[in-house]
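Reviewing the structure listed below.
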Amino acid sequence: MALAAALLCGMPTEAKNNPVEAMKAEGSFEAGNGAFMLNGKPFVVKAAELHYPRIPKEYWDQRIKLCKALGMNTVCLYVFWNAHEPRPDEFDFTGQNDLAQFVRLCRENGMYVILRPGPYVCAEWEMGGLPWWLLKKKDIRLREPDEYFMERVDKFQKAVADQVGDLTIANGGPIIMVQVENEYGSYGRNKEYVGQIRDMLRNNFGDKVTLFQCDWSSNFLENGLDDLIWTMNFGTGANIDQQFARLKEVRPESPLMCSEFWSGWFDKWGANHETRPAADMIAGIDEMLSKGISFSLYMTHGGTNWGHWAGANSPGFAPDVTSYDYDAPISESGQTTPKYWELRKTLAKYMDGKKMPSVPALIKPISIPAFEFDEVAPIFSNLPEPVNTTDIKTMEEFDQGFGSILYRTTLPEINTPSLLTVNDPHDYAQIFVDGKYVGKLDRRNGEKQIQIPACKRGATLDIFVEAMGRINFGRAIKDFKGITDNVQLTVDMDGRPFTCDLKNWQVYNIEDTYDTYVSMGEFYPIGSFTPGDDGRLPRGVYRATFDVKKPSDTFLNFETWGKGLVYVNGHPMGRIWEIGPQQTLYMPGCWLKKGENEIVVFDILGPREAKCEGLKEPKLDQLLVQKPLTHRTEGQNLDLSAEKPVLVGEFKPGNGWQEMPFGKTVNGRYVCVEALDAIDGKDLACIAEMYLLDGKGQRLSREPWTVMYADSEDVGRVNRSADKIFDLQESTYWSTVPGTPYPHAIVIDLGAAHDLTAIQCLPRMESDVPGAIKRFKVYVSPKPFKF
């Protein structure tokens, strides 16, 4: 601290009075006694999380200025490994990936920087930021001390340090802290691995860099390293004192920081648009600042998952939409929201007498008149050259990272409709026999089997698989694409089922690139095709041009389209899917031209109308539900009259995890939790997370879990279905519909029978713990419960 003060005193007068010039002088940032110390003086971090690859480079400066005008003093950002190293040893830090330029822009705007280089970042980004090509080594152990993985991580970290290592505060730059890995407690326990990542960062950034690690209050000690700063992640509405209570116990002199204070949440295809109350966000920030607690608002501006970069969540498979609006204070397109202005009022109280910076000019959106597409290249008449393989292989084994893949083989004679089993389709498979559409297998719904019609020997079977984003959270990030195992046909043989593996495949790889689509082959006038029985035009690549008089931001409307990807003037704009909730794509005006613009749409279902228009407002909340959001069929009622509970218990009031042992080991596949009443005496019942302990007292993997039944789920305009109790997110929760009387019950299929010894439950994070269950019963059965 004395050194930092000396450095500050040694600065030129101009640097002392000018924060931008001060950042160009050597300085220090460290953890002091109860506070962070910046150049020897206490400093409260007020960070705005925003991600440069999710923002058009032309708008970087404006977005940073919007954050500064909120009252923020720091920008927090992830570095996405897979965006920077699309192929091994081919690093890209240019254009949209120019990390160093973004960091310098932060400095020019008087903003410090917190760098989060992973290697894993989550962020609802494809594979959590890890490159797909790691999966070409099928036995690789991700986020563990695997020799090949660690070798590749070190090369990436060196490449990042080559770009911004000279921009740390010790070198006269704005970077005050660098994060070690990311929320590792939600992945596993491995201090050796976390320590190796720490050592890499120190080797590449130097001994003077300040390192920290973030996790949840429930697990931060599992991988916490003694020589790192520890920070907590939690969402709006959380009981802040409770979130920091354990840290204060083990490190009473540590500065406190919420390194991810979640302002909203991300959207998933086929689920409601997510929002969070502004009042909860602002109250939390106000409370933290009043107590001298630092924070980073995740997200202050979310931006867009361009192209195929949107990830997916797990357990199960829940792919994220293109928009990363996040219900943040600054919208996806850089507009200020009511949240922004309310937050600005609050942060104005914590400016230490300084004047709030002015809000920069906003971009005025435009509308673009509706236009028709005039040509299409149908998929099946424009396939690339095939590759022959005896056995099924994944997309990665064909050196393909993104896009679609067609598996083709011939069938034996089938005299009656028979069962086709695909193990496993990742992620959306369409089945065709002799060119006729049979049906689809949607990984979101766990679909693997479909009945195919009787056919003659030699009939062609096509399985067309579109890969969506790889899972970005939990152990399931090792997410191969295409068909991951085999394809089986079950036929009737003299009254008995006979199952065989189908072999000898022709495989057609369709990479997701602009060049792939525009060079598809023959384009035909759309008028030469008539819609099919389903009212759709052909599956394929659609192309059109549209005119713009004065380029500015707009939102391209795809309500009449099926499912696929969009490119405008060669820019990958993102995914579309008719199920919603997102129906428009954000189109930055900086990527449009005055006059003629080209648009290319690859639609794997086919549009009902091949048209589009530009709107002044997005449509992010238009859900066309194709699968039930609840887990109870009409008239279905759980009957527990013949069941004996393995546990009758009572939860204690308050926040935090509670564990209730069964008192003996029981075996079963189906578990029912029946809530009898609430601690506050009201009707509401909520659970944020739930685990079961196995015979060794270890938490059971929840990857195979599915919800069989829930008597009540609040999904009217929110996403509080029963599967939220095992979605690995402590800030989301299952909630019954308000006003629905007790008792309430959830039935879980564990996927297989297990020895069970205890249940662990986490209530909601808020200080008043709404919906906290008091009395409850647990039932375990080897067979399904009676309904």
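By order of appearance in the structure tokens: chains A, B, ..., then residues from 1 within every chain, and ligands from 1 in the order shown.
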
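Backbone DSSP of segment 310-381 of chain A yields strand (DSSP E or B) at A:Ala310, A:Ala312, A:Asn313, A:Ala318, A:Pro319, A:Asp320, A:Ser323, A:Ile330, A:Thr336, A:Ile368, A:Pro369, A:Ala370, A:Phe371, A:Glu372, A:Glu375, A:Val376, A:Ala377, A:Pro378.
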
Practice item. Excluding Gly237 of chain A and residues on its chain fewer than 2 positions from it, collect all residues at most 12 Å away from it, counting only C-alpha atoms, and give them as a VMD selection string. Key: chain A and resid 234 to 235 239 to 243 261 to 264 276 to 287 731 to 732 764 to 770

Output file for the residues above (N, CA and C atoms, as a compact mmCIF listing (two decimals), in the first residue's frame):
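Result went into result-v7.txt, see below:
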```txt
# COMPACT_ATOMS: atom_id res chain seq x y z
N PHE A 234 -24.59 -13.74 -7.10
CA PHE A 234 -25.99 -13.97 -6.73
C PHE A 234 -26.86 -12.96 -7.45
N GLY A 235 -28.17 -13.18 -7.40
CA GLY A 235 -29.10 -12.41 -8.20
C GLY A 235 -29.87 -11.36 -7.42
N ASN A 239 -30.81 -12.13 -0.27
CA ASN A 239 -30.47 -11.64 1.08
C ASN A 239 -28.97 -11.40 1.10
N ILE A 240 -28.56 -10.16 0.97
CA ILE A 240 -27.14 -9.84 0.76
C ILE A 240 -26.29 -10.19 1.96
N ASP A 241 -26.75 -9.90 3.16
CA ASP A 241 -25.97 -10.25 4.35
C ASP A 241 -25.75 -11.76 4.43
N GLN A 242 -26.79 -12.52 4.09
CA GLN A 242 -26.66 -13.98 4.14
C GLN A 242 -25.67 -14.48 3.08
N GLN A 243 -25.63 -13.83 1.91
CA GLN A 243 -24.73 -14.24 0.85
C GLN A 243 -23.26 -14.07 1.25
N PHE A 261 -23.94 -9.72 -10.08
CA PHE A 261 -25.24 -9.40 -9.52
C PHE A 261 -26.20 -9.40 -10.70
N TRP A 262 -27.03 -10.44 -10.79
CA TRP A 262 -27.81 -10.69 -12.00
C TRP A 262 -28.98 -9.72 -12.11
N SER A 263 -28.93 -8.88 -13.15
CA SER A 263 -29.95 -7.84 -13.34
C SER A 263 -31.24 -8.41 -13.92
N GLY A 264 -31.13 -9.51 -14.63
CA GLY A 264 -32.29 -10.15 -15.26
C GLY A 264 -31.98 -11.62 -15.45
N ARG A 276 -36.92 -9.39 -14.68
CA ARG A 276 -36.75 -9.27 -13.24
C ARG A 276 -37.12 -7.85 -12.83
N PRO A 277 -37.76 -7.66 -11.66
CA PRO A 277 -38.19 -6.33 -11.25
C PRO A 277 -37.02 -5.36 -11.08
N ALA A 278 -37.17 -4.15 -11.60
CA ALA A 278 -36.14 -3.12 -11.44
C ALA A 278 -35.93 -2.78 -9.97
N ALA A 279 -37.02 -2.75 -9.21
CA ALA A 279 -36.93 -2.35 -7.80
C ALA A 279 -36.01 -3.28 -7.02
N ASP A 280 -36.07 -4.59 -7.31
CA ASP A 280 -35.21 -5.55 -6.60
C ASP A 280 -33.74 -5.32 -6.94
N MET A 281 -33.46 -5.08 -8.22
CA MET A 281 -32.09 -4.82 -8.64
C MET A 281 -31.53 -3.57 -7.96
N ILE A 282 -32.31 -2.51 -7.99
CA ILE A 282 -31.85 -1.23 -7.45
C ILE A 282 -31.69 -1.29 -5.94
N ALA A 283 -32.62 -1.95 -5.27
CA ALA A 283 -32.52 -2.08 -3.81
C ALA A 283 -31.26 -2.83 -3.41
N GLY A 284 -30.92 -3.88 -4.17
CA GLY A 284 -29.72 -4.64 -3.86
C GLY A 284 -28.46 -3.84 -4.06
N ILE A 285 -28.38 -3.09 -5.15
CA ILE A 285 -27.20 -2.26 -5.40
C ILE A 285 -27.09 -1.16 -4.37
N ASP A 286 -28.20 -0.55 -4.04
CA ASP A 286 -28.21 0.51 -3.02
C ASP A 286 -27.71 -0.03 -1.68
N GLU A 287 -28.19 -1.21 -1.32
CA GLU A 287 -27.75 -1.81 -0.05
C GLU A 287 -26.26 -2.11 -0.07
N SER A 731 -30.64 -19.12 -8.35
CA SER A 731 -31.51 -17.95 -8.35
C SER A 731 -32.84 -18.20 -9.05
N THR A 732 -32.99 -19.33 -9.76
CA THR A 732 -34.28 -19.69 -10.34
C THR A 732 -34.97 -20.69 -9.40
N ARG A 764 -35.76 -20.02 -1.65
CA ARG A 764 -35.43 -18.82 -2.40
C ARG A 764 -34.41 -17.95 -1.66
N MET A 765 -33.74 -17.06 -2.41
CA MET A 765 -32.64 -16.25 -1.86
C MET A 765 -33.09 -15.04 -1.07
N GLU A 766 -34.34 -14.58 -1.29
CA GLU A 766 -34.77 -13.34 -0.66
C GLU A 766 -34.77 -13.45 0.87
N SER A 767 -34.58 -12.30 1.53
CA SER A 767 -34.47 -12.31 2.98
C SER A 767 -35.74 -12.77 3.68
N ASP A 768 -36.91 -12.52 3.06
CA ASP A 768 -38.15 -13.00 3.67
C ASP A 768 -38.53 -14.40 3.19
N VAL A 769 -37.72 -15.00 2.34
CA VAL A 769 -37.85 -16.39 1.86
C VAL A 769 -39.30 -16.71 1.47
N PRO A 770 -39.85 -16.08 0.45
CA PRO A 770 -41.23 -16.37 0.04
C PRO A 770 -41.40 -17.85 -0.35
```

Practice item. Step one, run DSSP on the backbone; step two, keep only residues of segment 479-641 of chain A assigned to alpha helix (DSSP H); then write them as a ChimeraX atom specification. Key: /A:514-518

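Compared by their closest atoms to Glu181 of chain A, and using only C-alpha atoms, the residues A:Glu144, A:Glu650, A:Glu126, A:Glu375 rank with A:Glu144 nearest.
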
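The list of residues with at least one atom within 10 Å of Glu108 of chain A, based on only C-alpha atoms and without residues fewer than 6 positions apart in the same chain, reads Pro19, Val20, Glu21, Met23, Lys24, Asp61, Ile64, Phe102 and Pro174 of chain A.
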
Just the selected residues (N, CA and C atoms), exported as a PDB file, in the first residue's frame, please.
```pdb
ATOM      1  N   PRO A  19      -8.439  11.059 -14.709  1.00  0.00           N
ATOM      2  CA  PRO A  19      -8.458   9.602 -14.519  1.00  0.00           C
ATOM      3  C   PRO A  19      -7.940   8.837 -15.721  1.00  0.00           C
ATOM      4  N   VAL A  20      -8.139   9.369 -16.920  1.00  0.00           N
ATOM      5  CA  VAL A  20      -7.648   8.685 -18.116  1.00  0.00           C
ATOM      6  C   VAL A  20      -6.125   8.689 -18.123  1.00  0.00           C
ATOM      7  N   GLU A  21      -5.523   9.852 -17.820  1.00  0.00           N
ATOM      8  CA  GLU A  21      -4.061   9.927 -17.769  1.00  0.00           C
ATOM      9  C   GLU A  21      -3.512   9.109 -16.611  1.00  0.00           C
ATOM     10  N   MET A  23      -4.583   6.332 -15.567  1.00  0.00           N
ATOM     11  CA  MET A  23      -4.534   4.929 -15.959  1.00  0.00           C
ATOM     12  C   MET A  23      -3.314   4.609 -16.816  1.00  0.00           C
ATOM     13  N   LYS A  24      -2.661   5.633 -17.327  1.00  0.00           N
ATOM     14  CA  LYS A  24      -1.495   5.393 -18.167  1.00  0.00           C
ATOM     15  C   LYS A  24      -0.207   5.376 -17.346  1.00  0.00           C
ATOM     16  N   ASP A  61     -17.774   2.038 -28.298  1.00  0.00           N
ATOM     17  CA  ASP A  61     -17.543   3.281 -27.562  1.00  0.00           C
ATOM     18  C   ASP A  61     -18.844   3.821 -26.963  1.00  0.00           C
ATOM     19  N   ILE A  64     -19.902   1.710 -23.921  1.00  0.00           N
ATOM     20  CA  ILE A  64     -19.067   2.000 -22.744  1.00  0.00           C
ATOM     21  C   ILE A  64     -19.485   3.325 -22.124  1.00  0.00           C
ATOM     22  N   PHE A 102     -10.802  -2.926 -27.370  1.00  0.00           N
ATOM     23  CA  PHE A 102     -11.919  -2.721 -26.445  1.00  0.00           C
ATOM     24  C   PHE A 102     -11.409  -2.249 -25.083  1.00  0.00           C
ATOM     25  N   PRO A 174      -5.679  -0.194 -17.679  1.00  0.00           N
ATOM     26  CA  PRO A 174      -6.900  -0.139 -16.871  1.00  0.00           C
ATOM     27  C   PRO A 174      -7.294  -1.442 -16.195  1.00  0.00           C
TER      28      PRO A 174
END
```

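Separating atom CA of Leu135 of chain A from atom CA of Tyr148 of chain A is a distance of 11.2 Å.
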
Review point. Which neighbours of Val387 of chain A fall inside 8 Å, counting only C-alpha atoms, when residues of the same chain fewer than 6 positions from it are skipped, and could you give them as a ChimeraX atom specification?
Key: /A:506-508

Those residues you just picked out, can you put them in a file as a PDB file, in the first residue's frame with all heavy atoms?
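This went into out-v1.pdb:
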```pdb
ATOM      1  N   GLN A 506     -23.990 -42.666 -45.850  1.00  0.00           N
ATOM      2  CA  GLN A 506     -23.448 -41.525 -46.567  1.00  0.00           C
ATOM      3  C   GLN A 506     -23.735 -40.296 -45.714  1.00  0.00           C
ATOM      4  O   GLN A 506     -24.863 -40.103 -45.267  1.00  0.00           O
ATOM      5  CB  GLN A 506     -24.101 -41.361 -47.942  1.00  0.00           C
ATOM      6  CG  GLN A 506     -23.658 -42.379 -48.982  1.00  0.00           C
ATOM      7  CD  GLN A 506     -24.253 -42.044 -50.338  1.00  0.00           C
ATOM      8  OE1 GLN A 506     -25.461 -41.820 -50.450  1.00  0.00           O
ATOM      9  NE2 GLN A 506     -23.429 -42.028 -51.371  1.00  0.00           N
ATOM     10  N   VAL A 507     -22.725 -39.470 -45.496  1.00  0.00           N
ATOM     11  CA  VAL A 507     -22.859 -38.325 -44.603  1.00  0.00           C
ATOM     12  C   VAL A 507     -22.565 -37.041 -45.372  1.00  0.00           C
ATOM     13  O   VAL A 507     -21.542 -36.932 -46.052  1.00  0.00           O
ATOM     14  CB  VAL A 507     -21.910 -38.456 -43.392  1.00  0.00           C
ATOM     15  CG1 VAL A 507     -22.035 -37.252 -42.479  1.00  0.00           C
ATOM     16  CG2 VAL A 507     -22.216 -39.743 -42.624  1.00  0.00           C
ATOM     17  N   TYR A 508     -23.482 -36.081 -45.244  1.00  0.00           N
ATOM     18  CA  TYR A 508     -23.354 -34.795 -45.925  1.00  0.00           C
ATOM     19  C   TYR A 508     -23.191 -33.707 -44.856  1.00  0.00           C
ATOM     20  O   TYR A 508     -24.077 -33.506 -44.027  1.00  0.00           O
ATOM     21  CB  TYR A 508     -24.601 -34.502 -46.765  1.00  0.00           C
ATOM     22  CG  TYR A 508     -24.897 -35.566 -47.816  1.00  0.00           C
ATOM     23  CD1 TYR A 508     -25.576 -36.726 -47.471  1.00  0.00           C
ATOM     24  CD2 TYR A 508     -24.504 -35.394 -49.136  1.00  0.00           C
ATOM     25  CE1 TYR A 508     -25.860 -37.696 -48.419  1.00  0.00           C
ATOM     26  CE2 TYR A 508     -24.790 -36.358 -50.102  1.00  0.00           C
ATOM     27  CZ  TYR A 508     -25.466 -37.502 -49.726  1.00  0.00           C
ATOM     28  OH  TYR A 508     -25.755 -38.470 -50.675  1.00  0.00           O
TER      29      TYR A 508
END
```

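Nearest to Tyr298 of chain A of all the residues A:Ala348, A:Val209, A:Met72, A:Ala328 is A:Ala328, counting only C-alpha atoms.
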
For Tyr350 of chain A: contacts at 10 Å, only C-alpha atoms, fewer than 2 positions along chain excluded, given as a compact mmCIF listing (two decimals) with C-alpha atoms, in the first residue's frame:
```txt
# COMPACT_ATOMS: atom_id res chain seq x y z
CA VAL A 44 -15.49 0.51 -4.39
CA LYS A 46 -19.02 -0.38 -9.58
CA GLY A 71 -22.31 5.94 -12.62
CA MET A 72 -20.13 2.88 -13.20
CA ASP A 286 -28.21 0.51 -3.02
CA LEU A 289 -23.02 0.46 -1.90
CA SER A 290 -24.32 1.73 1.44
CA LYS A 345 -30.73 7.96 -9.88
CA THR A 346 -29.48 5.52 -7.24
CA LEU A 347 -25.86 5.50 -8.41
CA ALA A 348 -25.86 9.31 -8.42
CA ASP A 352 -18.26 11.10 -4.16
CA GLY A 353 -19.39 14.59 -5.09
CA LYS A 354 -18.57 14.19 -8.78
CA MET A 356 -22.76 12.24 -13.31
```

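The interatomic distance for the pair atom CA of Gln213 of chain A and atom CA of Asp267 of chain A works out to 26.4 Å.
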
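Minimum atom-to-atom distance to Glu372 of chain A, evaluated using only C-alpha atoms, belongs to A:Ile526 out of A:Leu692, A:Leu38, A:Ile526, A:Val566.
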
Check your understanding: Can you list, as a VMD selection string, every protein, DNA or RNA residue that comes within 10 Å of segment 518-524 of chain A when you count only C-alpha atoms, leaving out same-chain residues fewer than 6 positions away?
Key -> chain A and resid 374 to 379 381 to 384 510 540 to 543 570 600 to 602

Could you give me, as a PDB file with N, CA and C atoms, in the first residue's frame, the residues within 12 Å of Phe149 of chain A, counting only C-alpha atoms and dropping anything in the same chain fewer than 2 positions from it?
```
ATOM      1  N   PRO A  88      -7.294 -24.910 -33.939  1.00  0.00           N
ATOM      2  CA  PRO A  88      -6.084 -24.932 -33.117  1.00  0.00           C
ATOM      3  C   PRO A  88      -4.968 -24.071 -33.703  1.00  0.00           C
ATOM      4  N   PRO A 119     -10.381 -20.427 -18.553  1.00  0.00           N
ATOM      5  CA  PRO A 119     -10.758 -20.719 -19.943  1.00  0.00           C
ATOM      6  C   PRO A 119     -12.259 -20.958 -20.161  1.00  0.00           C
ATOM      7  N   TYR A 120     -12.946 -21.374 -19.100  1.00  0.00           N
ATOM      8  CA  TYR A 120     -14.392 -21.570 -19.176  1.00  0.00           C
ATOM      9  C   TYR A 120     -15.069 -20.316 -18.649  1.00  0.00           C
ATOM     10  N   LEU A 130     -15.535 -22.772 -24.451  1.00  0.00           N
ATOM     11  CA  LEU A 130     -14.514 -23.739 -24.851  1.00  0.00           C
ATOM     12  C   LEU A 130     -14.658 -24.061 -26.343  1.00  0.00           C
ATOM     13  N   PRO A 131     -13.551 -24.237 -27.060  1.00  0.00           N
ATOM     14  CA  PRO A 131     -13.634 -24.516 -28.498  1.00  0.00           C
ATOM     15  C   PRO A 131     -14.168 -25.922 -28.782  1.00  0.00           C
ATOM     16  N   TRP A 133     -13.428 -27.870 -31.099  1.00  0.00           N
ATOM     17  CA  TRP A 133     -12.434 -28.821 -31.609  1.00  0.00           C
ATOM     18  C   TRP A 133     -11.729 -29.607 -30.504  1.00  0.00           C
ATOM     19  N   LEU A 134     -11.888 -29.184 -29.261  1.00  0.00           N
ATOM     20  CA  LEU A 134     -11.381 -30.015 -28.167  1.00  0.00           C
ATOM     21  C   LEU A 134     -12.039 -31.386 -28.167  1.00  0.00           C
ATOM     22  N   LEU A 135     -13.291 -31.449 -28.656  1.00  0.00           N
ATOM     23  CA  LEU A 135     -14.052 -32.700 -28.635  1.00  0.00           C
ATOM     24  C   LEU A 135     -13.599 -33.685 -29.709  1.00  0.00           C
ATOM     25  N   LYS A 136     -12.707 -33.263 -30.577  1.00  0.00           N
ATOM     26  CA  LYS A 136     -12.147 -34.222 -31.543  1.00  0.00           C
ATOM     27  C   LYS A 136     -11.323 -35.282 -30.818  1.00  0.00           C
ATOM     28  N   LYS A 137     -10.854 -34.939 -29.629  1.00  0.00           N
ATOM     29  CA  LYS A 137     -10.217 -35.918 -28.747  1.00  0.00           C
ATOM     30  C   LYS A 137     -11.315 -36.420 -27.813  1.00  0.00           C
ATOM     31  N   LYS A 138     -11.948 -37.514 -28.161  1.00  0.00           N
ATOM     32  CA  LYS A 138     -13.192 -37.931 -27.512  1.00  0.00           C
ATOM     33  C   LYS A 138     -13.032 -38.224 -26.031  1.00  0.00           C
ATOM     34  N   ASP A 139     -11.849 -38.610 -25.604  1.00  0.00           N
ATOM     35  CA  ASP A 139     -11.663 -38.947 -24.193  1.00  0.00           C
ATOM     36  C   ASP A 139     -11.145 -37.761 -23.378  1.00  0.00           C
ATOM     37  N   ILE A 140     -11.183 -36.580 -23.939  1.00  0.00           N
ATOM     38  CA  ILE A 140     -10.675 -35.409 -23.229  1.00  0.00           C
ATOM     39  C   ILE A 140     -11.473 -35.156 -21.950  1.00  0.00           C
ATOM     40  N   ARG A 141     -10.797 -34.700 -20.902  1.00  0.00           N
ATOM     41  CA  ARG A 141     -11.443 -34.314 -19.652  1.00  0.00           C
ATOM     42  C   ARG A 141     -11.411 -32.790 -19.573  1.00  0.00           C
ATOM     43  N   LEU A 142     -12.544 -32.185 -19.797  1.00  0.00           N
ATOM     44  CA  LEU A 142     -12.635 -30.736 -19.807  1.00  0.00           C
ATOM     45  C   LEU A 142     -12.618 -30.181 -18.385  1.00  0.00           C
ATOM     46  N   ARG A 143     -11.967 -29.046 -18.226  1.00  0.00           N
ATOM     47  CA  ARG A 143     -11.901 -28.357 -16.937  1.00  0.00           C
ATOM     48  C   ARG A 143     -11.316 -29.255 -15.835  1.00  0.00           C
ATOM     49  N   GLU A 144     -10.344 -30.047 -16.215  1.00  0.00           N
ATOM     50  CA  GLU A 144      -9.624 -30.911 -15.284  1.00  0.00           C
ATOM     51  C   GLU A 144      -8.166 -30.942 -15.714  1.00  0.00           C
ATOM     52  N   PRO A 145      -7.269 -31.479 -14.869  1.00  0.00           N
ATOM     53  CA  PRO A 145      -5.848 -31.527 -15.247  1.00  0.00           C
ATOM     54  C   PRO A 145      -5.561 -32.578 -16.314  1.00  0.00           C
ATOM     55  N   ASP A 146      -6.295 -32.508 -17.412  1.00  0.00           N
ATOM     56  CA  ASP A 146      -6.054 -33.351 -18.582  1.00  0.00           C
ATOM     57  C   ASP A 146      -4.885 -32.742 -19.359  1.00  0.00           C
ATOM     58  N   GLU A 147      -3.902 -33.553 -19.720  1.00  0.00           N
ATOM     59  CA  GLU A 147      -2.673 -33.024 -20.314  1.00  0.00           C
ATOM     60  C   GLU A 147      -2.939 -32.198 -21.571  1.00  0.00           C
ATOM     61  N   GLU A 151      -2.607 -28.097 -21.951  1.00  0.00           N
ATOM     62  CA  GLU A 151      -1.672 -27.585 -22.968  1.00  0.00           C
ATOM     63  C   GLU A 151      -2.355 -26.528 -23.830  1.00  0.00           C
ATOM     64  N   ARG A 152      -3.604 -26.810 -24.239  1.00  0.00           N
ATOM     65  CA  ARG A 152      -4.332 -25.865 -25.086  1.00  0.00           C
ATOM     66  C   ARG A 152      -4.728 -24.614 -24.296  1.00  0.00           C
ATOM     67  N   VAL A 153      -5.108 -24.783 -23.023  1.00  0.00           N
ATOM     68  CA  VAL A 153      -5.451 -23.625 -22.191  1.00  0.00           C
ATOM     69  C   VAL A 153      -4.257 -22.689 -22.077  1.00  0.00           C
ATOM     70  N   ASP A 154      -3.085 -23.251 -21.834  1.00  0.00           N
ATOM     71  CA  ASP A 154      -1.893 -22.428 -21.652  1.00  0.00           C
ATOM     72  C   ASP A 154      -1.586 -21.626 -22.921  1.00  0.00           C
ATOM     73  N   LYS A 155      -1.750 -22.238 -24.079  1.00  0.00           N
ATOM     74  CA  LYS A 155      -1.516 -21.512 -25.333  1.00  0.00           C
ATOM     75  C   LYS A 155      -2.501 -20.363 -25.484  1.00  0.00           C
ATOM     76  N   PHE A 156      -3.748 -20.619 -25.115  1.00  0.00           N
ATOM     77  CA  PHE A 156      -4.758 -19.562 -25.217  1.00  0.00           C
ATOM     78  C   PHE A 156      -4.465 -18.429 -24.240  1.00  0.00           C
ATOM     79  N   TYR A 193      -6.533 -28.347 -10.136  1.00  0.00           N
ATOM     80  CA  TYR A 193      -6.810 -27.748 -11.450  1.00  0.00           C
ATOM     81  C   TYR A 193      -6.897 -26.231 -11.343  1.00  0.00           C
ATOM     82  N   GLN A 196      -3.597 -24.717 -11.069  1.00  0.00           N
ATOM     83  CA  GLN A 196      -2.829 -24.692 -12.315  1.00  0.00           C
ATOM     84  C   GLN A 196      -3.256 -23.524 -13.205  1.00  0.00           C
ATOM     85  N   ILE A 197      -4.554 -23.228 -13.229  1.00  0.00           N
ATOM     86  CA  ILE A 197      -5.021 -22.071 -13.998  1.00  0.00           C
ATOM     87  C   ILE A 197      -4.464 -20.781 -13.391  1.00  0.00           C
TER      88      ILE A 197
END
```

Exercise for review: Report the distance between atom CA of Glu674 of chain A and atom CA of Gly656 of chain A in Å, rounded to one decimal place.
Suggested key: 20.0 Å

**Study point:** Given only C-alpha atoms as the counted atoms, nearest of A:Glu332, A:Asp226, A:Glu596, A:Asp711 to Asn637 of chain A
**Key:** A:Asp711

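Residue nearest Glu85 of chain A within the list A:Ile229, A:Ile176, A:Ala159, A:Ala48: A:Ala159 [criterion: smallest interatomic distance, only C-alpha atoms].
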